[in-house]
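Remarks on the structure that follows.
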Amino acid sequence: MAIFLTEDSRIIVQGMTGAEGRKHTARMLAAGSTVVGGVTPGKGGQTVEIDGTALPVFDSVADAMARTGADTTVVFVPPRFAKGAVIEAIDAGIGLAVVITEGIPVHDTAVFWAHACAQKSKQGNKTRIIGPNCPGVISPGKSNAGIIP
């Protein structure tokens, strides 16, 4: 039984155009995950080809969700941008945010966690946060979101 991910999960990758994001997007695709695009501010409208799969890049999580039906994000952005990336995902109402980035200041983590809790009580937002500094989440045979080989 899948708890966080199913074969129907639609994943976006924040930071997909960077080296780590690209490498692990390829691994997620190879594992059978449904990666539907990426988010890199300023690079919206571009397409990234990974192992024969053309993936659109969006400027924001909200745009990516609206255009692809994404319900999960994997965050591969540098530590100094991670707080903003997670808050953006929460504000967009994504169901699951898997934060791979390591080295995020504890205060930044506390800020985005508190923001998620505040949004949940205000608007019924149900963003679940896994991480930061985690390998991701896997449902064997169904989907993989993160750096799990």
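In the structure tokens, the first chain shown is A, the next is B, and so on; residue numbers restart at 1 for each chain, and ligands run from 1 in the order shown.
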
### Message
Residues near Gly21 in chain A, anyone? I mean within 10 Å using only C-alpha atoms, not counting same-chain ones fewer than 3 positions away, as a list of chain:residue names.
### Response
A:Val13, A:Gln14, A:Gly15, A:Met16, A:Thr17, A:Gly18, A:His24, A:Thr25, A:Ala26, A:Arg27, A:Gly38, A:Val74, A:Val75, A:Phe76, A:Val77, A:Ile100, A:Gly146, A:Ile147

### Test item, strand (DSSP E) assignment across chain A, answer as a PyMOL selection string
chain A and resi 10-14+34-39+47-50+53-58+72-75+96-99+128-130+136-139+143-146

#### Entry: Thr72 in chain A environment, 8 Å, only C-alpha atoms, sequence neighbours closer than 3 positions dropped, as a list of chain:residue names
A:Ser9, A:Arg10, A:Ile11, A:Ile12, A:Ile94, A:Gly95, A:Leu96, A:Ala97, A:Val98

Could you save those same residues with C-alpha atoms as an mmCIF file, in the first residue's frame?
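Output saved as out30.cif:
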data_model
loop_
_atom_site.group_PDB
_atom_site.id
_atom_site.type_symbol
_atom_site.label_atom_id
_atom_site.label_comp_id
_atom_site.auth_asym_id
_atom_site.auth_seq_id
_atom_site.Cartn_x
_atom_site.Cartn_y
_atom_site.Cartn_z
ATOM 1 C CA SER A 9 1.723 10.632 -8.577
ATOM 2 C CA ARG A 10 2.713 13.488 -10.891
ATOM 3 C CA ILE A 11 6.103 14.894 -9.920
ATOM 4 C CA ILE A 12 7.783 18.216 -10.650
ATOM 5 C CA ILE A 94 1.185 21.079 -3.654
ATOM 6 C CA GLY A 95 0.285 17.900 -1.781
ATOM 7 C CA LEU A 96 3.795 16.629 -1.090
ATOM 8 C CA ALA A 97 7.133 18.473 -0.930
ATOM 9 C CA VAL A 98 10.213 16.257 -0.757
#

### Task
Quick one: everything within 8 Å of Ala64 in chain A, counting only C-alpha atoms, minus sequence neighbours fewer than 6 positions away in the same chain. Send it as number ranges by chain.
A: 12, 37-39, 57-58, 70

Go ahead and dump the residues you just picked, N, CA, C and O atoms, as a PDB file, in the first residue's frame.
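Once everything was written out, this is out-v4.pdb:
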ATOM      1  N   ILE A  12       6.963  17.154 -10.071  1.00  0.00           N
ATOM      2  CA  ILE A  12       7.783  18.216 -10.650  1.00  0.00           C
ATOM      3  C   ILE A  12       9.074  18.274  -9.841  1.00  0.00           C
ATOM      4  O   ILE A  12       9.114  17.859  -8.683  1.00  0.00           O
ATOM      5  N   GLY A  37       7.589  17.643 -15.229  1.00  0.00           N
ATOM      6  CA  GLY A  37       8.242  18.903 -15.544  1.00  0.00           C
ATOM      7  C   GLY A  37       9.126  19.370 -14.416  1.00  0.00           C
ATOM      8  O   GLY A  37       9.322  18.662 -13.424  1.00  0.00           O
ATOM      9  N   GLY A  38       9.668  20.563 -14.607  1.00  0.00           N
ATOM     10  CA  GLY A  38      10.549  21.143 -13.614  1.00  0.00           C
ATOM     11  C   GLY A  38      10.240  22.605 -13.412  1.00  0.00           C
ATOM     12  O   GLY A  38       9.492  23.210 -14.186  1.00  0.00           O
ATOM     13  N   VAL A  39      10.820  23.161 -12.357  1.00  0.00           N
ATOM     14  CA  VAL A  39      10.626  24.574 -12.039  1.00  0.00           C
ATOM     15  C   VAL A  39      11.994  25.205 -11.810  1.00  0.00           C
ATOM     16  O   VAL A  39      12.746  24.747 -10.943  1.00  0.00           O
ATOM     17  N   VAL A  57       9.908  23.185 -18.589  1.00  0.00           N
ATOM     18  CA  VAL A  57      10.374  23.930 -17.421  1.00  0.00           C
ATOM     19  C   VAL A  57       9.426  25.114 -17.221  1.00  0.00           C
ATOM     20  O   VAL A  57       9.074  25.801 -18.176  1.00  0.00           O
ATOM     21  N   PHE A  58       9.040  25.347 -15.981  1.00  0.00           N
ATOM     22  CA  PHE A  58       8.120  26.421 -15.629  1.00  0.00           C
ATOM     23  C   PHE A  58       8.815  27.402 -14.698  1.00  0.00           C
ATOM     24  O   PHE A  58       9.770  27.055 -14.006  1.00  0.00           O
ATOM     25  N   ALA A  70       0.537  18.396 -11.498  1.00  0.00           N
ATOM     26  CA  ALA A  70       1.503  17.887 -10.519  1.00  0.00           C
ATOM     27  C   ALA A  70       0.924  17.924  -9.108  1.00  0.00           C
ATOM     28  O   ALA A  70       0.220  18.861  -8.739  1.00  0.00           O
TER      29      ALA A  70
END

### Message
When you count only C-alpha atoms, which of these residues is closest to Ala54 in chain A: A:Ala114, A:Val36, A:Ile130, A:Ala19?
### Response
A:Val36

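Between Lys120 in chain A and the residues A:Ile90, A:Ala82, A:Ala31, A:Cys134, the shortest atom-to-atom distance, using only C-alpha atoms, involves A:Ile90.
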
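Using only C-alpha atoms, the shortest contact distance between Asp91 in chain A and any of A:Val106, A:Val61, A:Val111, A:Ala30 is found at A:Val61.
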
### Query
When you draw a straight line from CA of Lys83 in chain A to CA of Ile129 in chain A, how long is it in Å?
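Result for CA of Lys83 in chain A versus CA of Ile129 in chain A: 12.1 Å, one decimal.
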